[in-house]
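**Q** Handing you a structure now.
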Amino acid sequence: MDYFLSEEQQMIVDVARQITDEMIVPQRAELDETEDYPRDILAAIAKADLYGLYIPEEYGGLGGGCFDIVLALEQFARGCTGVATAFAASALGAYPILISGSEELKQKYMPLIASGEKLAAFALTEANAGSDASGIQTTAVLDGDEWVLNGTKQWITNAGEAQIYTVIAITDKSKGPRGATMFVVEDTDPGFSYGVKEKKLGIRCSSTRELIFKDCRIPKDRVIGRIGMGFITVMKTLDQSRPGIAILGVGLGQGALDEAVVYAKQRVQFGKPIISFQAVQHILADMAIQIEAGRALVYSAAKHIDAHKNDMSKASSICKVFATDMAMKVTTDAVQVLAGYGYMREYPVEKMMRDAKILQIYEGTNQIQRNVIGQELNKEYTRS
Amino acid sequence: MKIIVCVKQVPDAKDVRLDPKTNTLSREGVQAIMNPYDRHALEEAVRLKEQHGGTVTVVSMGPPQAEEMLREAVSCGADEAVLVSDRAFAGADTWATTYTLSQAIKKIDDFDLILCGKQAIDGDTAQVGPGLAERLDIPFVAYVRKINDCTANTIRAERLMDDGYDLLEVPLPALFTVVKEINEPRIPSLKGKMKAKKIDITKMTAVDIEADPEQLGLKGSTTQVVRVFSPELKGERAMLAGTPSEQVAQLYEKLSPLL
């Protein structure tokens, strides 16, 4: 379907598509096998200026928004959701600085992130703080001109690869939700190290590790926004970033459909290509319907978010749930169409099915998204 | 460092056909692309610019449609683009082409290095690079697989040979033709694409380059294509070893029965 993209938006799609077809698709099976971080692909993405898509021009970016990065992510995810996650994680790490950071922090870090010279990562999750972010135990205590961080963050995407980390820690436990603050931690800060690389079901080329803070000392001015406003920054960050996860579902779904249709045209059973059987046609048709609906929804949500910075939550959560549940279904169906071959690693669809699962889990499980949508509905109908 | 890259639009190798009547390449209905070797030359120029500063100007002699390829070159990092285009250039062989390009490059005037692909994949002559260097009276190195370093006045490069490579140092300005081993061409950047959309492409006609009409196009060409075919590979190859005088003696021994 034609979404009437502007000339610039079409250029984003074209550049991202070329990187996907020429670099990501040929390497994805090996990256899945070796679990190596896709450094050369990310370097090509940086050279192509795509790390700066959503960053304002005054900080070295291209001045686009949520919709622009969504267009690039859709292409990358069509090739490999692991690569797309590694790319998207830097944006997730950058948003807290963009949303709440001081002018000095923005000047210092955003140009480095926009050029792709440095990667960022976002650190919220801990062993006891997943869906319930109030379980955070990492602490930050002011000591003279420095903050001292202690604790462990878990399952941090881009850990060990990024140089800039945006980390939430408790600064005053007595204040409850107003007692957490976000900080910028650099990879070279003393007392900062990484845990082992996790072994995952899917998105295996993306790096997932612990961040370990042992009396990690950082300068006082690395606070993002005001002290005690950490959770607000986190919520705004996730509202902004979720369409980026939703679109991974659309891109991944499209990649699975492409494989399934090509296979169904070639595979002959009972003397005919299996695409001529209605049972197979209907599976493919249902896949196409859901993907297109997902795409239309994510594009609309991304445009809404770009236009309404104070009213993002519901649109953001709605598109995340729909598109990622869709990706799980569509990739499972693609394996069904390829059947025995689809189950083998020789074909890319089993990897797509493994990759899809994380989309329903990370950046807020789809159950938490439904909570957000429900709460927003409750608020809306109370107001009116 | 000011670098000129000569690029040619060629039919995509996947669907090249010969016109059986004229024995020339039929370009109708065939997708046009940038000659793949020229893409490597452009990439090398952009890398040199990124390392040493300067500018990259792409030059193409071709029909007006070649503008699209020049814009693609800008999206891959070229700063300026020049299209040398005139009906009078039609039917040029490599002799007339090198004349035309040399006249255009004399107009651009200021350059330190010219890079070309080792050959175009349509004609496969590999003559334009060396011919152009000759006409401009500058040093020429073929089959460059690596540029090692350069100063304001000299440049060092590795020339790929069948059995290894030669390391050469030549004074600037110079002209190199490059092989695909030299680099991996980049994918166009977004800023590059935006720039390419807006850039004014300099157009040069026969009058602009002050060309002698007698030396242009078909009229200026000394080549007549009689037949196009793939030569059959036959005969034996032998490598002679030893000192030069020993090699001469061996060669004489091999050749004398044939005399």
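Ligands are numbered from 1 in the order shown, chains are lettered A, B, ... in the order of the structure tokens, and residues start at 1 in each chain.
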Residues within 9 Å of Gly191 of chain A, please, as number ranges by chain. Count only C-alpha atoms; anything in the same chain fewer than 5 positions from it doesn't count.
**A** A: 149-150, 212-217
**Q** For chain A against chain B, which residues fall within 7 Å using only C-alpha atoms, given as a list in words?
**A**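 The complete set of qualifying residues is Met11, Ile12, Val15, Ile19, Lys47, Ala48 and Asp49 of chain A.
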**Q** Could you jot down the atom CA of Val184 of chain A to atom CA of Lys106 of chain A separation for me, Å, one decimal place?
**A** 11.1 Å
**Q** Which polymer residues have any atom within 10 Å of an atom of segment 161-171 of chain B, counting only C-alpha atoms, with same-chain residues fewer than 4 positions away left out, as an MDAnalysis selection string?
**A** chainID B and resid 112:113 138:157 175
**Q** Keeping N, CA and C atoms, export the residues of the selection given above as a PDB file, in the first residue's frame.
**A**
```
ATOM      1  N   ASP B 112      44.833  16.929  -8.253  1.00  0.00           N
ATOM      2  CA  ASP B 112      46.050  16.240  -7.823  1.00  0.00           C
ATOM      3  C   ASP B 112      46.069  14.800  -8.301  1.00  0.00           C
ATOM      4  N   LEU B 113      44.872  14.224  -8.382  1.00  0.00           N
ATOM      5  CA  LEU B 113      44.800  12.800  -8.698  1.00  0.00           C
ATOM      6  C   LEU B 113      43.535  12.534  -9.506  1.00  0.00           C
ATOM      7  N   ILE B 138      50.522  12.956 -17.687  1.00  0.00           N
ATOM      8  CA  ILE B 138      50.790  12.725 -16.258  1.00  0.00           C
ATOM      9  C   ILE B 138      51.079  11.236 -16.050  1.00  0.00           C
ATOM     10  N   PRO B 139      51.769  10.900 -14.943  1.00  0.00           N
ATOM     11  CA  PRO B 139      52.085   9.487 -14.691  1.00  0.00           C
ATOM     12  C   PRO B 139      50.810   8.642 -14.554  1.00  0.00           C
ATOM     13  N   PHE B 140      50.939   7.376 -14.955  1.00  0.00           N
ATOM     14  CA  PHE B 140      49.788   6.474 -14.933  1.00  0.00           C
ATOM     15  C   PHE B 140      50.160   5.161 -14.258  1.00  0.00           C
ATOM     16  N   VAL B 141      49.281   4.668 -13.387  1.00  0.00           N
ATOM     17  CA  VAL B 141      49.460   3.341 -12.792  1.00  0.00           C
ATOM     18  C   VAL B 141      48.146   2.567 -12.964  1.00  0.00           C
ATOM     19  N   ALA B 142      48.240   1.379 -13.526  1.00  0.00           N
ATOM     20  CA  ALA B 142      47.049   0.540 -13.728  1.00  0.00           C
ATOM     21  C   ALA B 142      46.876  -0.425 -12.558  1.00  0.00           C
ATOM     22  N   TYR B 143      45.691  -0.992 -12.440  1.00  0.00           N
ATOM     23  CA  TYR B 143      45.397  -2.091 -11.501  1.00  0.00           C
ATOM     24  C   TYR B 143      45.804  -1.767 -10.059  1.00  0.00           C
ATOM     25  N   VAL B 144      45.525  -0.564  -9.616  1.00  0.00           N
ATOM     26  CA  VAL B 144      45.898  -0.202  -8.241  1.00  0.00           C
ATOM     27  C   VAL B 144      44.972  -0.931  -7.267  1.00  0.00           C
ATOM     28  N   ARG B 145      45.585  -1.673  -6.325  1.00  0.00           N
ATOM     29  CA  ARG B 145      44.780  -2.423  -5.357  1.00  0.00           C
ATOM     30  C   ARG B 145      44.827  -1.780  -3.979  1.00  0.00           C
ATOM     31  N   LYS B 146      45.768  -0.817  -3.820  1.00  0.00           N
ATOM     32  CA  LYS B 146      45.869  -0.158  -2.515  1.00  0.00           C
ATOM     33  C   LYS B 146      46.622   1.157  -2.677  1.00  0.00           C
ATOM     34  N   ILE B 147      46.126   2.193  -2.049  1.00  0.00           N
ATOM     35  CA  ILE B 147      46.890   3.445  -2.003  1.00  0.00           C
ATOM     36  C   ILE B 147      47.471   3.537  -0.598  1.00  0.00           C
ATOM     37  N   ASN B 148      48.790   3.531  -0.515  1.00  0.00           N
ATOM     38  CA  ASN B 148      49.432   3.428   0.793  1.00  0.00           C
ATOM     39  C   ASN B 148      49.502   4.757   1.519  1.00  0.00           C
ATOM     40  N   ASP B 149      50.111   5.728   0.894  1.00  0.00           N
ATOM     41  CA  ASP B 149      50.155   7.035   1.528  1.00  0.00           C
ATOM     42  C   ASP B 149      50.438   8.086   0.481  1.00  0.00           C
ATOM     43  N   CYS B 150      50.125   9.311   0.808  1.00  0.00           N
ATOM     44  CA  CYS B 150      50.440  10.369  -0.139  1.00  0.00           C
ATOM     45  C   CYS B 150      50.860  11.624   0.594  1.00  0.00           C
ATOM     46  N   THR B 151      51.731  12.385  -0.049  1.00  0.00           N
ATOM     47  CA  THR B 151      52.174  13.670   0.473  1.00  0.00           C
ATOM     48  C   THR B 151      51.630  14.717  -0.494  1.00  0.00           C
ATOM     49  N   ALA B 152      52.069  15.953  -0.335  1.00  0.00           N
ATOM     50  CA  ALA B 152      51.589  17.006  -1.226  1.00  0.00           C
ATOM     51  C   ALA B 152      52.039  16.750  -2.664  1.00  0.00           C
ATOM     52  N   ASN B 153      53.170  16.072  -2.821  1.00  0.00           N
ATOM     53  CA  ASN B 153      53.733  15.934  -4.168  1.00  0.00           C
ATOM     54  C   ASN B 153      53.819  14.517  -4.701  1.00  0.00           C
ATOM     55  N   THR B 154      53.712  13.538  -3.813  1.00  0.00           N
ATOM     56  CA  THR B 154      53.874  12.159  -4.288  1.00  0.00           C
ATOM     57  C   THR B 154      52.778  11.262  -3.716  1.00  0.00           C
ATOM     58  N   ILE B 155      52.638  10.102  -4.353  1.00  0.00           N
ATOM     59  CA  ILE B 155      51.666   9.122  -3.869  1.00  0.00           C
ATOM     60  C   ILE B 155      52.252   7.731  -4.075  1.00  0.00           C
ATOM     61  N   ARG B 156      51.992   6.846  -3.127  1.00  0.00           N
ATOM     62  CA  ARG B 156      52.469   5.470  -3.220  1.00  0.00           C
ATOM     63  C   ARG B 156      51.292   4.536  -3.360  1.00  0.00           C
ATOM     64  N   ALA B 157      51.426   3.575  -4.263  1.00  0.00           N
ATOM     65  CA  ALA B 157      50.321   2.660  -4.482  1.00  0.00           C
ATOM     66  C   ALA B 157      50.836   1.275  -4.821  1.00  0.00           C
ATOM     67  N   LEU B 175      47.415   9.637 -12.616  1.00  0.00           N
ATOM     68  CA  LEU B 175      46.144   8.952 -12.883  1.00  0.00           C
ATOM     69  C   LEU B 175      46.300   7.472 -12.553  1.00  0.00           C
TER      70      LEU B 175
END
```
**Q** For atom CA of Val82 of chain B and atom CA of Val30 of chain B, determine how far apart the two atoms are, in Å to one decimal place.
**A**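 Going from atom CA of Val82 of chain B over to atom CA of Val30 of chain B covers 23.6 Å.
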**Q** Can you pull out every residue from segment 38-228 of chain B that DSSP, working from the backbone, puts in alpha helix (DSSP H), and format the result as a PyMOL selection string?
**A** chain B and resi 38-52+66-75+94-108+128-136+190-198
**Q** For a quick check of understanding, using only C-alpha atoms, which of B:Gly29, B:Pro244, B:Gly117, B:Pro63 has the smallest distance to Val7 of chain B?
**A** B:Gly117
**Q** From the options B:Lys254, B:Arg87, B:Lys2, B:Lys195, which residue's atoms come nearest to Ile114 of chain B, counting only C-alpha atoms?
**A** B:Lys2
**Q** Which value, in Å to one decimal, gives the distance between atom CA of Lys198 of chain B and atom CA of Thr20 of chain A?
**A**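 Answer for the atom CA of Lys198 of chain B to atom CA of Thr20 of chain A separation: 25.8 Å.
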**Q** When you look at Lys107 of chain B with a cut-off of 12 Å (counting only C-alpha atoms), what residues show up, excluding the ones that are within fewer than 3 positions of it in the same chain? I need them as a short mmCIF file (atom, residue, chain, number, x, y, z; two decimals) with C-alpha atoms, in the first residue's frame.
**A**
```
data_model
loop_
_atom_site.label_atom_id
_atom_site.label_comp_id
_atom_site.auth_asym_id
_atom_site.auth_seq_id
_atom_site.Cartn_x
_atom_site.Cartn_y
_atom_site.Cartn_z
CA VAL B 59 33.18 13.47 -14.44
CA VAL B 82 30.37 17.29 -14.32
CA VAL B 84 30.30 16.16 -20.55
CA THR B 100 37.03 14.62 -25.05
CA LEU B 101 37.64 13.80 -21.37
CA SER B 102 41.10 15.39 -21.45
CA GLN B 103 39.62 18.61 -22.85
CA ALA B 104 36.98 18.61 -20.12
CA ASP B 110 42.95 22.03 -10.74
CA PHE B 111 43.52 18.43 -9.64
CA LEU B 136 47.21 14.95 -19.97
CA THR B 202 27.87 21.20 -14.33
CA LYS B 203 27.21 20.51 -17.99
CA MET B 204 29.92 20.83 -20.61
CA THR B 205 29.35 20.69 -24.36
CA ALA B 206 31.86 20.43 -27.23
CA VAL B 207 31.97 24.23 -27.34
CA ASP B 208 32.51 24.53 -23.58
CA ILE B 209 35.55 22.26 -23.67
CA GLU B 210 36.93 24.01 -26.77
CA ALA B 211 37.20 20.75 -28.64
#
```
**Q** Can you pull out every residue within 10 Å of Ile69 of chain A, counting only C-alpha atoms, but drop anything in the same chain fewer than 3 positions away, and send it as a list in words?
**A**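 Counting only C-alpha atoms, the residues come to Gln9, Ile12, Val13, Leu50, Tyr51, Gly52, Leu53, Tyr54, Ile55, Gly64, Gly65, Cys66, Ala72, Leu73, Glu74, Ala88, Ala91, Ser241, Pro243, Gly244, Ile247 and Ala302 of chain A.
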**Q** Print the selection's residues with N, CA and C atoms to a file, as a PDB file, in the first residue's frame.
**A**
```pdb
ATOM      1  N   GLN A   9      11.359  10.936   3.298  1.00  0.00           N
ATOM      2  CA  GLN A   9      11.003   9.676   3.967  1.00  0.00           C
ATOM      3  C   GLN A   9      11.300   8.482   3.057  1.00  0.00           C
ATOM      4  N   ILE A  12      14.885   7.616   3.261  1.00  0.00           N
ATOM      5  CA  ILE A  12      15.214   6.830   4.460  1.00  0.00           C
ATOM      6  C   ILE A  12      14.948   5.354   4.180  1.00  0.00           C
ATOM      7  N   VAL A  13      13.778   5.090   3.605  1.00  0.00           N
ATOM      8  CA  VAL A  13      13.410   3.705   3.286  1.00  0.00           C
ATOM      9  C   VAL A  13      14.440   3.104   2.319  1.00  0.00           C
ATOM     10  N   LEU A  50      22.013   7.190   9.567  1.00  0.00           N
ATOM     11  CA  LEU A  50      20.714   6.812  10.132  1.00  0.00           C
ATOM     12  C   LEU A  50      20.668   6.863  11.662  1.00  0.00           C
ATOM     13  N   TYR A  51      21.835   6.909  12.328  1.00  0.00           N
ATOM     14  CA  TYR A  51      21.808   7.057  13.787  1.00  0.00           C
ATOM     15  C   TYR A  51      21.290   8.436  14.203  1.00  0.00           C
ATOM     16  N   GLY A  52      21.320   9.378  13.269  1.00  0.00           N
ATOM     17  CA  GLY A  52      20.900  10.738  13.625  1.00  0.00           C
ATOM     18  C   GLY A  52      19.472  11.067  13.237  1.00  0.00           C
ATOM     19  N   LEU A  53      18.727  10.066  12.753  1.00  0.00           N
ATOM     20  CA  LEU A  53      17.387  10.325  12.209  1.00  0.00           C
ATOM     21  C   LEU A  53      16.482  11.142  13.122  1.00  0.00           C
ATOM     22  N   TYR A  54      16.430  10.778  14.406  1.00  0.00           N
ATOM     23  CA  TYR A  54      15.446  11.350  15.334  1.00  0.00           C
ATOM     24  C   TYR A  54      16.050  12.455  16.196  1.00  0.00           C
ATOM     25  N   ILE A  55      17.322  12.769  15.933  1.00  0.00           N
ATOM     26  CA  ILE A  55      18.028  13.743  16.779  1.00  0.00           C
ATOM     27  C   ILE A  55      17.980  15.125  16.119  1.00  0.00           C
ATOM     28  N   GLY A  64      14.544  14.556  12.403  1.00  0.00           N
ATOM     29  CA  GLY A  64      13.288  13.830  12.205  1.00  0.00           C
ATOM     30  C   GLY A  64      12.696  13.406  13.532  1.00  0.00           C
ATOM     31  N   GLY A  65      11.698  12.551  13.467  1.00  0.00           N
ATOM     32  CA  GLY A  65      11.044  12.124  14.699  1.00  0.00           C
ATOM     33  C   GLY A  65      10.847  10.634  14.743  1.00  0.00           C
ATOM     34  N   CYS A  66       9.841  10.258  15.524  1.00  0.00           N
ATOM     35  CA  CYS A  66       9.510   8.852  15.721  1.00  0.00           C
ATOM     36  C   CYS A  66       9.218   8.157  14.381  1.00  0.00           C
ATOM     37  N   ALA A  72      13.102   3.385   9.105  1.00  0.00           N
ATOM     38  CA  ALA A  72      14.383   2.673   8.989  1.00  0.00           C
ATOM     39  C   ALA A  72      14.309   1.323   9.696  1.00  0.00           C
ATOM     40  N   LEU A  73      13.734   1.325  10.903  1.00  0.00           N
ATOM     41  CA  LEU A  73      13.655   0.085  11.692  1.00  0.00           C
ATOM     42  C   LEU A  73      12.842  -0.998  10.990  1.00  0.00           C
ATOM     43  N   GLU A  74      11.812  -0.582  10.273  1.00  0.00           N
ATOM     44  CA  GLU A  74      10.971  -1.561   9.569  1.00  0.00           C
ATOM     45  C   GLU A  74      11.823  -2.355   8.579  1.00  0.00           C
ATOM     46  N   ALA A  88      18.264  -0.021  17.482  1.00  0.00           N
ATOM     47  CA  ALA A  88      17.228   0.709  18.220  1.00  0.00           C
ATOM     48  C   ALA A  88      17.639   0.986  19.660  1.00  0.00           C
ATOM     49  N   ALA A  91      19.013   4.379  20.386  1.00  0.00           N
ATOM     50  CA  ALA A  91      17.999   5.438  20.472  1.00  0.00           C
ATOM     51  C   ALA A  91      17.319   5.410  21.840  1.00  0.00           C
ATOM     52  N   SER A 241       9.610   5.447  22.650  1.00  0.00           N
ATOM     53  CA  SER A 241      10.360   4.393  21.960  1.00  0.00           C
ATOM     54  C   SER A 241       9.509   3.215  21.503  1.00  0.00           C
ATOM     55  N   PRO A 243       6.814   2.645  19.680  1.00  0.00           N
ATOM     56  CA  PRO A 243       6.511   2.421  18.254  1.00  0.00           C
ATOM     57  C   PRO A 243       7.713   1.829  17.511  1.00  0.00           C
ATOM     58  N   GLY A 244       8.907   2.088  18.025  1.00  0.00           N
ATOM     59  CA  GLY A 244      10.110   1.499  17.439  1.00  0.00           C
ATOM     60  C   GLY A 244      10.147  -0.011  17.610  1.00  0.00           C
ATOM     61  N   ILE A 247       7.193  -1.471  15.287  1.00  0.00           N
ATOM     62  CA  ILE A 247       7.518  -1.573  13.863  1.00  0.00           C
ATOM     63  C   ILE A 247       8.467  -2.749  13.605  1.00  0.00           C
ATOM     64  N   ALA A 302       3.051   6.595  15.293  1.00  0.00           N
ATOM     65  CA  ALA A 302       4.319   7.328  15.264  1.00  0.00           C
ATOM     66  C   ALA A 302       4.075   8.791  14.888  1.00  0.00           C
TER      67      ALA A 302
END
```
**Q** Report the residues of segment 59-180 of chain A whose backbone DSSP state falls under strand (DSSP E or B), written as a PyMOL selection string.
**A** chain A and resi 120-123+126+129+139-143+146-157+164-170+180
**Q** With only C-alpha atoms as the atoms that count, which of A:Leu359, A:Ala44, A:Met352, A:Leu338 lies nearest to Lys265 of chain A?
**A** A:Leu338
**Q** For segment 134-145 of chain A, please output as a PyMOL selection string all residues within 9 Å (counting only C-alpha atoms; exclusion window: fewer than 2 positions along the same chain).
**A** chain A and resi 124-132+147-153+168-173+176-177+180-181+213+217-221+231
**Q** Selected residues, N, CA and C atoms, written as a compact mmCIF listing (two decimals), in the first residue's frame, please.
**A**
```txt
# COMPACT_ATOMS: atom_id res chain seq x y z
N LEU A 124 17.25 0.07 32.95
CA LEU A 124 16.16 0.16 33.91
C LEU A 124 16.03 -1.16 34.68
N THR A 125 15.94 -2.27 33.94
CA THR A 125 15.60 -3.56 34.52
C THR A 125 16.64 -4.06 35.53
N GLU A 126 16.14 -4.68 36.59
CA GLU A 126 17.00 -5.36 37.57
C GLU A 126 16.37 -6.71 37.88
N ALA A 127 17.08 -7.51 38.64
CA ALA A 127 16.58 -8.85 38.98
C ALA A 127 15.19 -8.78 39.61
N ASN A 128 14.97 -7.78 40.46
CA ASN A 128 13.68 -7.66 41.15
C ASN A 128 12.84 -6.50 40.64
N ALA A 129 13.23 -5.95 39.51
CA ALA A 129 12.48 -4.83 38.95
C ALA A 129 12.32 -5.01 37.46
N GLY A 130 11.23 -5.67 37.08
CA GLY A 130 10.92 -5.85 35.66
C GLY A 130 9.70 -5.02 35.34
N SER A 131 8.54 -5.68 35.29
CA SER A 131 7.29 -4.94 35.08
C SER A 131 7.07 -3.95 36.23
N ASP A 132 7.50 -4.33 37.41
CA ASP A 132 7.35 -3.45 38.58
C ASP A 132 8.64 -2.67 38.79
N TRP A 147 28.57 11.44 42.29
CA TRP A 147 27.56 10.46 42.67
C TRP A 147 28.24 9.10 42.74
N VAL A 148 27.84 8.31 43.74
CA VAL A 148 28.41 6.97 43.87
C VAL A 148 27.28 5.96 43.66
N LEU A 149 27.43 5.14 42.61
CA LEU A 149 26.39 4.16 42.26
C LEU A 149 26.76 2.77 42.72
N ASN A 150 25.76 2.06 43.25
CA ASN A 150 25.94 0.66 43.63
C ASN A 150 24.71 -0.15 43.23
N GLY A 151 24.96 -1.33 42.68
CA GLY A 151 23.85 -2.19 42.29
C GLY A 151 24.13 -2.88 40.97
N THR A 152 23.13 -3.65 40.49
CA THR A 152 23.30 -4.41 39.25
C THR A 152 22.06 -4.27 38.37
N LYS A 153 22.29 -3.90 37.13
CA LYS A 153 21.20 -3.85 36.14
C LYS A 153 21.24 -5.15 35.33
N ILE A 168 18.90 4.35 35.70
CA ILE A 168 18.05 4.86 36.78
C ILE A 168 18.47 4.22 38.10
N ALA A 169 18.55 5.05 39.14
CA ALA A 169 18.94 4.56 40.47
C ALA A 169 18.13 5.30 41.53
N ILE A 170 18.00 4.65 42.68
CA ILE A 170 17.26 5.26 43.79
C ILE A 170 18.16 6.30 44.48
N THR A 171 17.66 7.53 44.58
CA THR A 171 18.43 8.57 45.26
C THR A 171 17.82 8.91 46.62
N ASP A 172 16.54 8.56 46.80
CA ASP A 172 15.92 8.78 48.11
C ASP A 172 14.76 7.80 48.27
N LYS A 173 15.04 6.72 48.97
CA LYS A 173 14.06 5.63 49.05
C LYS A 173 12.76 6.09 49.72
N GLY A 176 9.59 7.24 47.58
CA GLY A 176 8.82 6.35 46.70
C GLY A 176 9.06 6.66 45.24
N PRO A 177 7.96 6.84 44.46
CA PRO A 177 8.11 7.05 43.01
C PRO A 177 8.91 8.31 42.67
N ALA A 180 13.64 8.30 42.57
CA ALA A 180 14.60 7.73 41.62
C ALA A 180 15.09 8.81 40.67
N THR A 181 16.34 8.68 40.22
CA THR A 181 16.96 9.69 39.36
C THR A 181 17.73 8.98 38.25
N PHE A 213 27.62 -2.02 39.09
CA PHE A 213 28.15 -0.78 39.67
C PHE A 213 28.66 -1.09 41.07
N ARG A 217 31.91 5.86 40.57
CA ARG A 217 31.86 7.31 40.83
C ARG A 217 31.73 8.08 39.51
N ILE A 218 30.74 8.94 39.46
CA ILE A 218 30.55 9.77 38.27
C ILE A 218 30.41 11.23 38.69
N PRO A 219 30.79 12.17 37.82
CA PRO A 219 30.68 13.59 38.18
C PRO A 219 29.22 13.99 38.46
N LYS A 220 29.08 14.97 39.30
CA LYS A 220 27.78 15.44 39.76
C LYS A 220 26.86 15.87 38.60
N ASP A 221 27.48 16.43 37.56
CA ASP A 221 26.66 16.98 36.48
C ASP A 221 26.12 15.92 35.50
N PHE A 231 11.64 8.36 37.29
CA PHE A 231 10.56 7.52 36.74
C PHE A 231 9.78 8.24 35.65
```
**Q** Can you list, as a list in words, every protein, DNA or RNA residue that comes within 8 Å of Val167 of chain A when you count only C-alpha atoms, leaving out same-chain residues fewer than 4 positions away?
**A** Phe122, Ala123, Leu124, Met182, Phe183, Val184 and Val185 of chain A
**Q** Only C-alpha atoms, please: the residues just picked out, written as a PDB file, in the first residue's frame.
**A**
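Output file result_35.pdb follows:
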```pdb
ATOM      1  CA  PHE A 122      19.172   2.262  28.511  1.00  0.00           C
ATOM      2  CA  ALA A 123      19.362   0.626  31.938  1.00  0.00           C
ATOM      3  CA  LEU A 124      16.156   0.159  33.907  1.00  0.00           C
ATOM      4  CA  MET A 182      18.540   9.046  35.972  1.00  0.00           C
ATOM      5  CA  PHE A 183      22.256   9.391  35.302  1.00  0.00           C
ATOM      6  CA  VAL A 184      24.666   9.134  32.413  1.00  0.00           C
ATOM      7  CA  VAL A 185      27.382   6.544  33.029  1.00  0.00           C
TER       8      VAL A 185
END
```
